[in-house]
$ cat query-v3.txt   # compact mmCIF, C-alpha atoms and all ligand atoms
# COMPACT_ATOMS: atom_id res chain seq x y z
CA MET A 289 -17.88 -11.01 -16.58
CA LEU A 290 -15.82 -7.97 -17.57
CA TYR A 291 -14.70 -5.64 -14.79
CA GLY A 292 -12.78 -2.38 -14.73
CA ALA A 293 -9.97 -1.73 -12.27
CA LEU A 294 -8.33 1.56 -11.32
CA GLU A 295 -5.28 1.75 -9.10
CA ALA A 296 -5.24 5.45 -8.32
CA GLY A 297 -1.79 6.62 -7.24
CA GLY A 298 -0.23 10.00 -6.60
CA THR A 299 2.07 9.70 -9.61
CA LYS A 300 0.10 7.47 -11.97
CA MET A 301 -3.33 5.98 -12.50
CA VAL A 302 -3.28 2.36 -13.63
CA CYS A 303 -6.40 1.42 -15.60
CA ALA A 304 -7.24 -2.16 -16.54
CA THR A 305 -10.01 -4.47 -17.56
CA GLY A 306 -10.18 -8.06 -16.47
CA ASP A 307 -12.31 -10.88 -15.19
CA GLU A 308 -13.46 -12.37 -11.89
CA ASN A 309 -10.41 -14.67 -11.79
CA GLY A 310 -8.00 -11.73 -11.57
CA HIS A 311 -6.98 -12.17 -15.18
CA ILE A 312 -5.99 -8.79 -16.63
CA ILE A 313 -7.09 -8.36 -20.24
CA LYS A 314 -5.86 -4.84 -20.99
CA GLN A 315 -3.86 -2.38 -18.96
CA THR A 316 -2.56 1.15 -19.37
CA HIS A 317 -1.65 4.09 -17.20
CA VAL A 318 -2.05 7.83 -17.27
CA PRO A 319 -0.02 10.32 -15.25
CA THR A 320 -1.73 11.85 -12.23
CA THR A 321 -1.95 15.56 -13.01
CA MET A 322 -4.88 17.80 -12.05
CA PRO A 323 -8.19 15.96 -11.45
CA ASP A 324 -10.09 17.30 -14.50
CA GLU A 325 -7.44 16.26 -16.99
CA THR A 326 -6.67 12.94 -15.28
CA MET A 327 -10.28 11.86 -14.79
CA ALA A 328 -11.16 12.71 -18.40
CA LYS A 329 -8.46 10.29 -19.59
CA ILE A 330 -9.59 7.55 -17.19
CA ILE A 331 -13.22 7.92 -18.22
CA ASP A 332 -12.23 7.90 -21.85
CA TYR A 333 -10.40 4.60 -21.30
CA PHE A 334 -13.35 2.85 -19.66
CA LYS A 335 -16.33 4.39 -21.45
CA ASP A 336 -16.41 2.04 -24.44
CA GLU A 337 -15.55 -1.08 -22.45
CA LYS A 338 -18.61 -3.10 -21.49
CA ILE A 339 -17.63 -3.32 -17.82
CA GLU A 340 -20.16 -4.52 -15.24
CA ALA A 341 -18.50 -2.64 -12.40
CA LEU A 342 -15.37 -0.70 -11.55
CA GLY A 343 -13.07 -1.23 -8.57
CA VAL A 344 -10.97 1.68 -7.33
CA ALA A 345 -7.97 1.20 -5.03
CA CYS A 346 -7.02 4.75 -4.20
CA PHE A 347 -4.26 6.80 -2.55
CA GLY A 348 -5.54 8.50 0.52
CA PRO A 349 -6.63 9.43 2.98
CA VAL A 350 -10.08 8.57 1.64
CA ASP A 351 -13.60 8.48 3.09
CA LEU A 352 -14.81 4.85 3.18
CA LYS A 353 -17.86 5.36 5.40
CA LYS A 354 -20.85 4.41 3.27
CA ASP A 355 -23.22 6.70 5.22
CA SER A 356 -20.95 9.74 5.08
CA PRO A 357 -21.84 12.71 2.84
CA THR A 358 -18.27 12.58 1.57
CA TYR A 359 -18.12 8.79 0.98
CA GLY A 360 -15.85 8.07 -1.97
CA TYR A 361 -13.86 11.29 -1.60
CA ILE A 362 -10.11 11.68 -1.39
CA THR A 363 -9.98 13.80 1.76
CA SER A 364 -6.91 15.56 3.19
CA THR A 365 -4.18 14.84 0.64
CA PRO A 366 -1.52 17.51 0.09
CA LYS A 367 -1.55 16.53 -3.62
CA PRO A 368 -2.61 19.75 -5.44
CA GLY A 369 -6.23 19.68 -6.67
CA TRP A 370 -7.10 16.30 -5.16
CA SER A 371 -8.06 17.32 -1.64
CA ASP A 372 -11.85 16.80 -1.12
CA PHE A 373 -12.22 15.30 -4.58
CA ASP A 374 -15.22 13.00 -5.15
CA ILE A 375 -13.49 10.30 -7.18
CA VAL A 376 -16.19 7.65 -6.76
CA GLY A 377 -19.02 10.08 -7.65
CA CYS A 378 -17.15 11.32 -10.70
CA LEU A 379 -16.62 7.76 -12.03
CA LYS A 380 -20.12 6.55 -11.16
CA ASP A 381 -21.75 9.51 -12.93
CA ALA A 382 -19.61 9.12 -16.04
CA LEU A 383 -19.68 5.31 -16.38
CA GLY A 384 -23.05 4.39 -14.85
CA VAL A 385 -21.77 1.21 -13.17
CA PRO A 386 -21.35 0.18 -9.51
CA VAL A 387 -18.02 1.32 -8.10
CA GLY A 388 -16.16 -0.59 -5.36
CA PHE A 389 -13.78 1.59 -3.37
CA ASP A 390 -10.99 1.13 -0.86
CA THR A 391 -7.49 2.34 -0.11
CA ASP A 392 -4.63 1.41 -2.45
CA VAL A 393 -3.04 -0.77 0.22
CA ASN A 394 -6.28 -2.52 1.17
CA GLY A 395 -6.63 -3.17 -2.58
CA SER A 396 -3.17 -4.72 -2.75
CA LEU A 397 -3.92 -6.83 0.30
CA LEU A 398 -7.21 -7.96 -1.23
CA GLY A 399 -5.29 -9.03 -4.36
CA GLU A 400 -2.85 -11.04 -2.24
CA VAL A 401 -5.63 -12.55 -0.12
CA THR A 402 -7.67 -13.54 -3.15
CA TRP A 403 -4.93 -14.75 -5.51
CA GLY A 404 -1.54 -14.41 -3.87
CA CYS A 405 0.54 -15.19 -0.83
CA ALA A 406 -2.16 -14.49 1.76
CA LYS A 407 -4.76 -16.79 0.19
CA GLY A 408 -6.97 -18.42 2.78
CA LEU A 409 -5.86 -16.21 5.68
CA SER A 410 -8.33 -14.23 7.79
CA ASP A 411 -5.79 -11.81 9.28
CA ALA A 412 -2.99 -10.27 7.27
CA VAL A 413 -1.22 -6.97 6.73
CA TYR A 414 0.20 -5.53 3.51
CA ILE A 415 2.75 -2.74 3.77
CA THR A 416 4.14 -0.74 0.87
CA ILE A 417 7.44 1.05 1.36
CA GLY A 418 7.88 3.40 -1.56
CA THR A 419 7.43 7.15 -2.05
CA GLY A 420 5.20 6.91 1.01
CA ILE A 421 4.51 4.12 3.45
CA GLY A 422 1.02 2.67 3.78
CA GLY A 423 -0.54 -0.43 5.21
CA GLY A 424 -3.68 -2.43 4.49
CA VAL A 425 -5.23 -4.65 7.14
CA LEU A 426 -7.43 -7.73 6.90
CA SER A 427 -8.90 -8.52 10.29
CA GLY A 428 -11.27 -11.41 10.94
CA GLY A 429 -11.76 -11.80 7.18
CA ASN A 430 -12.68 -8.16 6.58
CA LEU A 431 -10.62 -5.27 5.26
CA LEU A 432 -10.28 -3.00 8.27
CA HIS A 433 -11.92 0.42 7.96
CA GLY A 434 -12.95 1.35 11.50
CA MET A 435 -13.45 5.10 11.85
CA MET A 436 -11.72 5.57 8.44
CA HIS A 437 -8.87 3.14 7.62
CA ALA A 438 -5.52 2.23 9.07
CA GLU A 439 -2.64 4.65 8.51
CA LEU A 440 0.20 2.37 9.47
CA GLY A 441 2.77 4.49 7.67
CA HIS A 442 2.39 7.26 10.20
CA MET A 443 2.94 5.28 13.38
CA LEU A 444 5.42 7.15 15.53
CA LEU A 445 8.90 5.65 15.79
CA THR A 446 11.87 6.80 17.86
CA PRO A 447 14.84 7.78 15.69
CA GLU A 448 17.79 5.41 16.11
CA PRO A 449 20.74 6.97 18.01
CA GLU A 450 23.08 6.63 15.02
CA ASP A 451 20.62 8.35 12.64
CA THR A 452 21.55 11.93 11.76
CA TYR A 453 18.34 12.50 9.76
CA PRO A 454 15.47 13.83 11.87
CA GLY A 455 12.67 12.47 9.67
CA GLY A 456 10.74 14.15 6.88
CA CYS A 457 7.01 13.77 7.56
CA PRO A 458 5.32 17.20 7.40
CA PHE A 459 2.88 16.06 10.11
CA HIS A 460 5.05 14.05 12.52
CA THR A 461 8.69 14.48 11.47
CA ALA A 462 9.82 11.10 12.84
CA CYS A 463 7.11 8.61 11.93
CA PHE A 464 7.54 5.33 9.98
CA GLU A 465 7.11 7.13 6.63
CA GLY A 466 9.17 10.13 7.75
CA LEU A 467 12.12 7.88 8.66
CA ALA A 468 11.93 4.91 6.29
CA SER A 469 10.26 5.84 2.97
CA GLY A 470 12.28 5.98 -0.25
CA PRO A 471 12.52 9.81 -0.07
CA ALA A 472 13.68 9.58 3.59
CA ILE A 473 16.55 7.28 2.55
CA GLU A 474 17.42 9.64 -0.29
CA ARG A 475 17.44 12.75 1.92
CA ARG A 476 19.43 11.02 4.66
CA TYR A 477 22.25 9.98 2.31
CA GLY A 478 21.88 12.43 -0.59
CA LYS A 479 21.60 9.61 -3.14
CA LYS A 480 18.86 7.55 -4.76
CA ALA A 481 17.92 4.51 -2.66
CA TYR A 482 18.86 2.06 -5.41
CA GLU A 483 22.33 3.68 -5.69
CA LEU A 484 22.93 2.70 -2.05
CA ALA A 485 22.34 -1.02 -2.67
CA ASP A 486 25.94 -1.95 -1.74
CA ASP A 487 26.13 0.05 1.48
CA PRO A 488 25.24 -2.33 4.34
CA ALA A 489 24.81 0.48 6.92
CA VAL A 490 21.90 1.89 4.90
CA TRP A 491 19.93 -1.36 5.03
CA GLU A 492 20.90 -2.10 8.62
CA LEU A 493 19.28 1.19 9.70
CA GLU A 494 16.33 0.80 7.33
CA SER A 495 15.66 -2.71 8.64
CA LYS A 496 15.61 -1.44 12.24
CA TYR A 497 12.82 1.02 11.43
CA ILE A 498 10.84 -1.51 9.43
CA ALA A 499 11.28 -4.22 12.10
CA LYS A 500 10.13 -1.86 14.89
CA ALA A 501 7.05 -0.92 12.87
CA LEU A 502 6.30 -4.61 12.20
CA VAL A 503 6.64 -5.43 15.88
CA ASN A 504 4.09 -2.70 16.67
CA ILE A 505 1.82 -4.17 14.01
CA ILE A 506 2.24 -7.73 15.33
CA LEU A 507 1.45 -6.57 18.87
CA THR A 508 -1.65 -4.58 17.89
CA LEU A 509 -3.18 -6.46 14.94
CA SER A 510 -1.97 -10.03 15.45
CA PRO A 511 -1.70 -10.82 11.72
CA GLN A 512 -1.06 -14.36 10.48
CA ARG A 513 1.27 -13.02 7.79
CA ILE A 514 2.86 -9.69 6.82
CA ILE A 515 3.48 -8.86 3.16
CA LEU A 516 6.01 -6.20 2.19
CA GLY A 517 5.86 -4.46 -1.20
CA GLY A 518 6.85 -1.13 -2.78
CA GLY A 519 10.00 0.12 -4.48
CA VAL A 520 12.28 0.07 -1.42
CA MET A 521 11.50 -3.62 -0.82
CA HIS A 522 13.16 -4.40 -4.16
CA GLN A 523 16.28 -4.40 -1.96
CA LYS A 524 15.90 -8.09 -1.16
CA GLN A 525 18.71 -8.02 1.41
CA LEU A 526 16.22 -6.25 3.68
CA PHE A 527 14.12 -9.38 4.22
CA PRO A 528 16.58 -11.44 6.29
CA LEU A 529 17.60 -8.32 8.25
CA ILE A 530 13.97 -7.48 9.04
CA ARG A 531 13.08 -11.06 9.98
CA SER A 532 15.94 -11.44 12.43
CA LYS A 533 15.31 -8.04 14.02
CA VAL A 534 11.59 -8.73 14.46
CA THR A 535 12.51 -11.94 16.31
CA GLU A 536 15.07 -10.03 18.39
CA TYR A 537 12.72 -7.15 19.30
CA LEU A 538 9.80 -9.46 20.16
CA ASN A 539 12.26 -11.23 22.47
CA GLY A 540 10.17 -14.38 22.83
CA TYR A 541 7.11 -12.56 24.20
CA ILE A 542 4.65 -13.77 21.54
CA ARG A 543 4.27 -17.53 21.23
CA ALA A 544 2.58 -18.43 17.96
CA ALA A 545 3.23 -21.14 15.39
CA GLU A 546 3.31 -18.50 12.63
CA LEU A 547 6.38 -16.83 14.18
CA GLU A 548 8.39 -20.05 14.19
CA ASP A 549 9.11 -19.68 10.49
CA MET A 550 9.90 -16.04 9.80
CA ASP A 551 10.53 -16.81 6.11
CA THR A 552 6.84 -17.57 5.64
CA TYR A 553 5.66 -14.95 8.16
CA ILE A 554 7.27 -11.86 6.59
CA VAL A 555 7.10 -12.25 2.83
CA PRO A 556 7.47 -10.18 -0.36
CA ALA A 557 4.41 -9.28 -2.43
CA SER A 558 3.72 -12.22 -4.72
CA LEU A 559 1.79 -10.94 -7.72
CA GLY A 560 4.62 -9.24 -9.58
CA ASP A 561 3.50 -5.65 -8.84
CA ASP A 562 -0.03 -6.48 -10.07
CA GLN A 563 -1.45 -6.99 -6.56
CA GLY A 564 -3.00 -3.51 -6.57
CA ILE A 565 -4.72 -3.70 -9.92
CA MET A 566 -5.85 -7.29 -9.27
CA GLY A 567 -7.23 -6.18 -5.91
CA ALA A 568 -9.13 -3.43 -7.71
CA LEU A 569 -10.66 -6.09 -10.01
CA LYS A 570 -11.83 -7.92 -6.89
CA LEU A 571 -13.27 -4.65 -5.51
CA ALA A 572 -15.26 -4.38 -8.73
CA ALA A 573 -16.54 -7.95 -8.42
CA LEU A 574 -17.55 -7.29 -4.80
CA ALA A 575 -19.44 -4.14 -5.84
CA VAL A 576 -21.87 -6.07 -8.04
P1 LIG A 601 5.13 4.69 -5.36
O1 LIG A 601 5.30 4.54 -3.90
O2 LIG A 601 5.34 6.08 -5.83
O3 LIG A 601 3.88 4.06 -5.88
P2 LIG A 601 7.30 2.79 -5.60
O4 LIG A 601 6.68 1.77 -4.74
O5 LIG A 601 8.06 2.31 -6.81
O6 LIG A 601 6.28 3.88 -6.12
O7 LIG A 601 8.31 3.60 -4.70
C1 LIG A 601 9.16 4.60 -5.18
C2 LIG A 601 10.27 4.82 -4.13
O8 LIG A 601 10.98 3.60 -3.96
C3 LIG A 601 11.28 5.88 -4.53
O9 LIG A 601 11.63 6.65 -3.40
C4 LIG A 601 12.46 5.07 -5.01
O10 LIG A 601 13.69 5.71 -4.76
C5 LIG A 601 12.36 3.80 -4.23
N1 LIG A 601 12.82 2.66 -5.02
C6 LIG A 601 12.37 2.27 -6.22
N2 LIG A 601 13.06 1.21 -6.69
C7 LIG A 601 14.00 0.94 -5.75
C8 LIG A 601 15.04 -0.03 -5.62
N3 LIG A 601 15.26 -0.94 -6.57
N4 LIG A 601 15.77 0.00 -4.50
C9 LIG A 601 15.56 0.90 -3.53
N5 LIG A 601 14.61 1.84 -3.59
C10 LIG A 601 13.85 1.87 -4.69
ZN ZN A 602 3.78 10.94 9.51
$ encode --input "query-v3.txt" --output "structure tokens"
Amino acid sequence: MLYGALEAGGTKMVCATGDENGHIIKQTHVPTTMPDETMAKIIDYFKDEKIEALGVACFGPVDLKKDSPTYGYITSTPKPGWSDFDIVGCLKDALGVPVGFDTDVNGSLLGEVTWGCAKGLSDAVYITIGTGIGGGVLSGGNLLHGMMHAELGHMLLTPEPEDTYPGGCPFHTACFEGLASGPAIERRYGKKAYELADDPAVWELESKYIAKALVNIILTLSPQRIILGGGVMHQKQLFPLIRSKVTEYLNGYIRAAELEDMDTYIVPASLGDDQGIMGALKLAALAV
């Protein structure tokens, strides 16, 4: 069966076709500009493909409540033009196929659960640390939606005493995203994050924020594995720092077999940056 997949991001829209095994046949991307222009290009890409369904893993916040009048909308984004935009309705009307819909990070987690490093698990968390920070949650075998969906990137964190940067989230100042996203690193030090690769103090501080957020996640969601993706996590030296700090901050309170091997508990994304688009393929398959 041929499926369409759309990974809708704030800077680019990745469009692909593929099959039920997560095999990507064709892939392209278009820049995210205003909705009219962007959606026309996406529709143009898919309209002559004989897809059975489309899966959309979308930047948010989004409305995932099936019985809501605004189901399938991007809701309160500050991204110009996209606030209250009916992305699912627009695609359904134009393409005439079922559309599966979830957050970008739930999509990435679904990719990892179906084909990657979280295969077979019932409870897992995927976090992306990039331009923003977001988290997808699988709980009891289901992607967690609840009243809307998790927004792990905005959990409140206390700034570290040595940190001179107050945090940059327009809503919370010092939340996980405000303190630890790529742009937060860049504003704190006045340099691109990748240019700071050789400065150990940068990654020491970054790993403290990430480890505190992971501890909060472990204590609230009890995942069997945590997957870390996104541009900032290309700094591989973060992994050992995060693992040892998570152990330190938990301080022996949680006794679980999973935590005995931190190298398999906190892991990098495993699908070579295709976890999102592969997850969107799975969303399409689930929509049929
Ligand atoms: P997005 O979040 O926009 O989808 P990314 O996950 O690539 O895209 O995240 C982009 C952010 O990650 C930028 O702030 C960038 O500076 C940072 N970043 C990208 N590559 C690296 C790297 N190799 N090392 C550190 N930070 C990086
Ligand atoms: Zn915030």
$ residues_near_ligand --input "query-v3.txt" --ligand "ligand LIG 601 (chain A)" --cutoff "8 Å" --atoms "all atoms listed in the file" --output "number ranges by chain"
A: 297-300, 416-421, 469-474, 480-485, 517-523
$ residues_around --input "query-v3.txt" --residues "stretch 314-330 of chain A" --least-positions-apart "6" --cutoff "10 Å" --atoms "all atoms listed in the file" --output "compact mmCIF listing (two decimals) with C-alpha atoms, in the coordinates of the input"
# COMPACT_ATOMS: atom_id res chain seq x y z
CA GLY A 292 -12.78 -2.38 -14.73
CA ALA A 293 -9.97 -1.73 -12.27
CA LEU A 294 -8.33 1.56 -11.32
CA GLU A 295 -5.28 1.75 -9.10
CA ALA A 296 -5.24 5.45 -8.32
CA GLY A 297 -1.79 6.62 -7.24
CA GLY A 298 -0.23 10.00 -6.60
CA THR A 299 2.07 9.70 -9.61
CA LYS A 300 0.10 7.47 -11.97
CA MET A 301 -3.33 5.98 -12.50
CA VAL A 302 -3.28 2.36 -13.63
CA CYS A 303 -6.40 1.42 -15.60
CA ALA A 304 -7.24 -2.16 -16.54
CA THR A 305 -10.01 -4.47 -17.56
CA GLY A 306 -10.18 -8.06 -16.47
CA LYS A 367 -1.55 16.53 -3.62
CA PRO A 368 -2.61 19.75 -5.44
CA GLY A 369 -6.23 19.68 -6.67
CA TRP A 370 -7.10 16.30 -5.16
CA SER A 371 -8.06 17.32 -1.64
CA PHE A 373 -12.22 15.30 -4.58
CA ASP A 374 -15.22 13.00 -5.15
CA ILE A 375 -13.49 10.30 -7.18
CA CYS A 378 -17.15 11.32 -10.70
CA LEU A 379 -16.62 7.76 -12.03
CA ALA A 382 -19.61 9.12 -16.04
CA ILE A 565 -4.72 -3.70 -9.92
$ closest_residue --input "query-v3.txt" --among "A:Thr365, A:Asn309, A:Ser558, A:Thr391" --to "A:Leu516" --atoms "only C-alpha atoms"
A:Ser558
$ closest_atom_pairs --input "query-v3.txt" --of "chain A" --to "ligand ZN 602 (chain A)" --cutoff "6 Å" --atoms "only C-alpha atoms and all ligand atoms" --output "tab-separated table"
residue	atom	partner	partner_atom	distance
A:His442	CA	A:ZN602	ZN	4.0
A:Cys457	CA	A:ZN602	ZN	4.7
A:Phe459	CA	A:ZN602	ZN	5.2
A:His460	CA	A:ZN602	ZN	4.5
A:Cys463	CA	A:ZN602	ZN	4.7
A:Glu465	CA	A:ZN602	ZN	5.8
A:Gly466	CA	A:ZN602	ZN	5.7
$ closest_residue --input "query-v3.txt" --among "A:Arg513, A:Lys335, A:Lys354, A:Lys496" --to "A:Leu526" --atoms "only C-alpha atoms"
A:Lys496
$ closest_residue --input "query-v3.txt" --among "A:Ile530, A:Leu444, A:Leu493, A:Leu502" --to "A:Gly423" --atoms "only C-alpha atoms"
A:Leu502
$ atom_distance --input "query-v3.txt" --atom1 "atom CA of A:Gly388" --atom2 "atom CA of A:Ile505"
26.7 Å
$ residues_around --input "query-v3.txt" --residues "A:Tyr291" --least-positions-apart "4" --cutoff "8 Å" --atoms "all atoms listed in the file" --output "VMD selection string"
chain A and resid 305 to 308 339 to 343 569 572 to 573
